[in-house]
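Inspection log for the structure reproduced underneath, given as structure tokens.
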Amino acid sequence: MTNATGTPVSPVRPRGKGLTRRRRRRLSRGVQYAVFVAAVLALAVTADWGRLRNQFAQPGIAGQMFPDVITLALKNTVLYTLSGFAVGLVLGMVIALMRLSSVGPYRWLAGLYIEVFRGLPALLIFIFVGVAVPLAFPGTEVVGGTYGKVALALGLVSAAYMAETIRAGLQAVPKGQTEAARSLGFSPARAMVSIVVPQAFRIILPPLTNELVQLFKDSSLVLFLGVTLEERELSKFGRDLASTTANSTPILVAGLCYLLVTIPLGFVARRMEAKAQEAVK
């Protein structure tokens, strides 16, 4: 083709023959769904479901766990978690305030605590509480026996994370709130307790709920403190029965009991996060 001057002109390609961005996204999404379905079908076809059922799904063995798995194991797990959370929350609040203090040694000590206990595995902290504390203070006993030791160990583990969460929440409260309280005659301590802390906790409730879920799972480390039959939590209870029956069904039942608590807590945390984001908007 040529124009009026005789210069060759390339033909114009009609529009609509290439893939649009929306079509490319649909095609990519379709490929991902196809890969997912293929992987699920491959797993369903290749797995030996009969052997899995014999090893993990024996109704008779599962029935032997009730009601003790609820009235004993789950109850102890919840008690360990709540006591550890309470200790961690109080200790974390103190460390967060030390972290924000104008006194240098307080800030350094709080920073050292956070770095050390965030870097150590929870298992080592449980061993430290169960072995090192009795050696360092001979003749003394932690108040509450095993429950007190678990609360102390879980509290030491969680306090480092809670301290940073609380510190972030305190700093997220606008400084104008403190200034307004001071103008009304509030002392610095009263302004912090009455004005800043309540607002900060509304901000940090979702991450604190996630920390509670993590503590619920970390309570399985209680076995390293040495527990009696009446002090067993879910993991210890399931492992003991699995060894007795030479079957893994108790492990599966214990795992389902964990999910009965962690899934609702996770849902609550997500709902609170969504409400917090809506409030910001």
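Identifiers in this document derive from the order of the structure tokens: chains are assigned A, B, ..., residues are numbered from 1 separately in each chain, and ligands are numbered from 1 in order of occurrence.
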
Which of range 12-261 of chain A DSSP labels helix (DSSP H, G or I), written as a ChimeraX atom specification: /A:21-46,49-56,59-64,68-99,104-119,122-136,146-172,175-183,188-225,229-231,234-245,249-261

Which residues, written as a PyMOL selection string, have at least one atom at most 8 Å from range 194-206 of chain A, with only C-alpha atoms counted and residues fewer than 6 positions away on the same chain left out? chain A and resi 165-166+169-170+172-173+177-178+181+269-270+272-273+276

Selection above as a file: N, CA and C atoms, as a tab-separated table (two decimals), in the first residue's frame:
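Written file, part-v2.tsv:
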```tsv
chain	number	residue	atom	x	y	z
A	165	THR	N	5.16	-5.06	70.93
A	165	THR	CA	3.81	-4.76	70.46
A	165	THR	C	3.20	-3.61	71.27
A	166	ILE	N	3.35	-3.67	72.59
A	166	ILE	CA	2.80	-2.61	73.45
A	166	ILE	C	3.51	-1.29	73.19
A	169	GLY	N	2.13	0.23	70.16
A	169	GLY	CA	0.80	0.76	70.40
A	169	GLY	C	0.83	2.07	71.17
A	170	LEU	N	1.70	2.17	72.17
A	170	LEU	CA	1.82	3.41	72.93
A	170	LEU	C	2.30	4.55	72.05
A	172	ALA	N	1.79	4.79	68.92
A	172	ALA	CA	0.80	5.09	67.89
A	172	ALA	C	-0.28	6.05	68.37
A	173	VAL	N	-0.41	6.19	69.69
A	173	VAL	CA	-1.40	7.14	70.23
A	173	VAL	C	-0.89	8.56	69.98
A	177	GLN	N	-3.03	13.66	72.64
A	177	GLN	CA	-3.83	13.10	73.72
A	177	GLN	C	-3.15	13.33	75.07
A	178	THR	N	-1.84	13.09	75.11
A	178	THR	CA	-1.10	13.32	76.34
A	178	THR	C	-1.06	14.81	76.70
A	181	ALA	N	-4.31	15.85	78.16
A	181	ALA	CA	-4.47	15.38	79.54
A	181	ALA	C	-3.63	16.21	80.51
A	269	ALA	N	-9.18	-12.56	65.85
A	269	ALA	CA	-8.08	-11.63	65.54
A	269	ALA	C	-8.30	-10.96	64.19
A	270	ARG	N	-8.73	-11.74	63.18
A	270	ARG	CA	-8.97	-11.16	61.86
A	270	ARG	C	-10.12	-10.16	61.88
A	272	MET	N	-11.06	-8.35	64.44
A	272	MET	CA	-10.61	-7.13	65.11
A	272	MET	C	-9.70	-6.31	64.21
A	273	GLU	N	-8.85	-6.97	63.42
A	273	GLU	CA	-8.01	-6.25	62.48
A	273	GLU	C	-8.84	-5.53	61.42
A	276	ALA	N	-10.41	-2.53	62.99
A	276	ALA	CA	-9.42	-1.48	63.21
A	276	ALA	C	-9.12	-0.74	61.91
```

Give me the residues within 8 Å of range 152-162 of chain A as a PyMOL selection string, counting only C-alpha atoms and dropping any in the same chain fewer than 5 places off. chain A and resi 81+83-93+95+113-115+117-118+122+125-126+129+208+211+215+218-219

Counting only C-alpha atoms, which residues of range 20-105 of chain A fall within 6 Å of range 223-242 of chain A, and what is the closest atom pair for each with its distance in Å at one decimal, ordered by chain and rising number, as JSON lines?
```
{"residue": "A:Ala73", "atom": "CA", "partner": "A:Glu233", "partner_atom": "CA", "distance": 4.3}
{"residue": "A:Leu74", "atom": "CA", "partner": "A:Leu234", "partner_atom": "CA", "distance": 5.8}
{"residue": "A:Asn76", "atom": "CA", "partner": "A:Glu233", "partner_atom": "CA", "distance": 5.4}
{"residue": "A:Thr77", "atom": "CA", "partner": "A:Glu233", "partner_atom": "CA", "distance": 5.0}
```

Keeping only N, CA, C and O atoms, write the selected residues as a compact mmCIF listing (two decimals), in the first residue's frame.
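Below is the file part-v3.txt, written as the result:
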```txt
# COMPACT_ATOMS: atom_id res chain seq x y z
N ALA A 73 -6.66 -32.79 79.69
CA ALA A 73 -5.60 -32.28 78.81
C ALA A 73 -5.92 -30.89 78.28
O ALA A 73 -5.09 -29.97 78.37
N LEU A 74 -7.11 -30.72 77.72
CA LEU A 74 -7.46 -29.40 77.17
C LEU A 74 -7.58 -28.36 78.27
O LEU A 74 -7.16 -27.20 78.10
N ASN A 76 -5.91 -28.28 81.12
CA ASN A 76 -4.56 -27.88 81.53
C ASN A 76 -3.90 -26.98 80.50
O ASN A 76 -3.21 -26.02 80.84
N THR A 77 -4.10 -27.31 79.22
CA THR A 77 -3.52 -26.48 78.16
C THR A 77 -4.03 -25.05 78.23
O THR A 77 -3.27 -24.09 78.10
```

Between range 5-118 of chain A and range 252-262 of chain A, at 8 Å or less, what are the per-residue closest atom pairs and their distances in Å? Count only C-alpha atoms, order by chain and rising residue number, and return it as a Markdown table.
```
| residue | atom | partner | partner_atom | distance |
| --- | --- | --- | --- | --- |
| A:Phe56 | CA | A:Leu252 | CA | 6.4 |
| A:Ala57 | CA | A:Leu252 | CA | 7.9 |
| A:Ala62 | CA | A:Val253 | CA | 6.9 |
| A:Val69 | CA | A:Ala254 | CA | 7.6 |
| A:Leu74 | CA | A:Cys257 | CA | 7.2 |
```

Selected residues, N, CA and C atoms, written as a CSV table (one decimal), in the first residue's frame, please.
```csv
chain,number,residue,atom,x,y,z
A,56,PHE,N,-4.3,-43.4,61.8
A,56,PHE,CA,-4.7,-42.1,62.4
A,56,PHE,C,-6.2,-42.0,62.7
A,57,ALA,N,-7.0,-42.9,62.2
A,57,ALA,CA,-8.5,-42.8,62.4
A,57,ALA,C,-9.1,-44.0,62.9
A,62,ALA,N,-9.9,-43.5,69.6
A,62,ALA,CA,-10.3,-42.1,69.9
A,62,ALA,C,-11.3,-42.0,71.0
A,69,VAL,N,-9.5,-36.2,77.6
A,69,VAL,CA,-8.8,-35.3,76.6
A,69,VAL,C,-9.4,-33.9,76.8
A,74,LEU,N,-7.1,-30.7,77.7
A,74,LEU,CA,-7.5,-29.4,77.2
A,74,LEU,C,-7.6,-28.4,78.3
```

Atom-to-atom span, CA of Ala110 in chain A and CA of Glu164 in chain A, Å: 10.1 Å

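Take the candidates A:Phe186, A:Phe36, A:Trp108, A:Tyr80 and check each one against Tyr147 in chain A using only C-alpha atoms; the shortest distance goes to A:Tyr80.
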
Would you list the contacts of Met98 in chain A as a list in words, taking every protein, DNA or RNA residue within 9 Å and counting only C-alpha atoms, but skipping same-chain residues closer than 6 positions in sequence?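 Once the adjacent positions are removed, what remains is Pro105, Tyr106, Arg107, Trp108, Leu109, Ala110 and Gly111 of chain A.
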
What is the CA of Val116 in chain A to CA of Leu97 in chain A distance in Å?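 According to the coordinates, CA of Val116 in chain A and CA of Leu97 in chain A are separated by 17.8 Å.
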
Kindly give the distance, in Å, that separates CA of Gln64 in chain A and CA of Ser248 in chain A, rounded to a single decimal.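 That distance, rounded to one decimal, is 13.1 Å.
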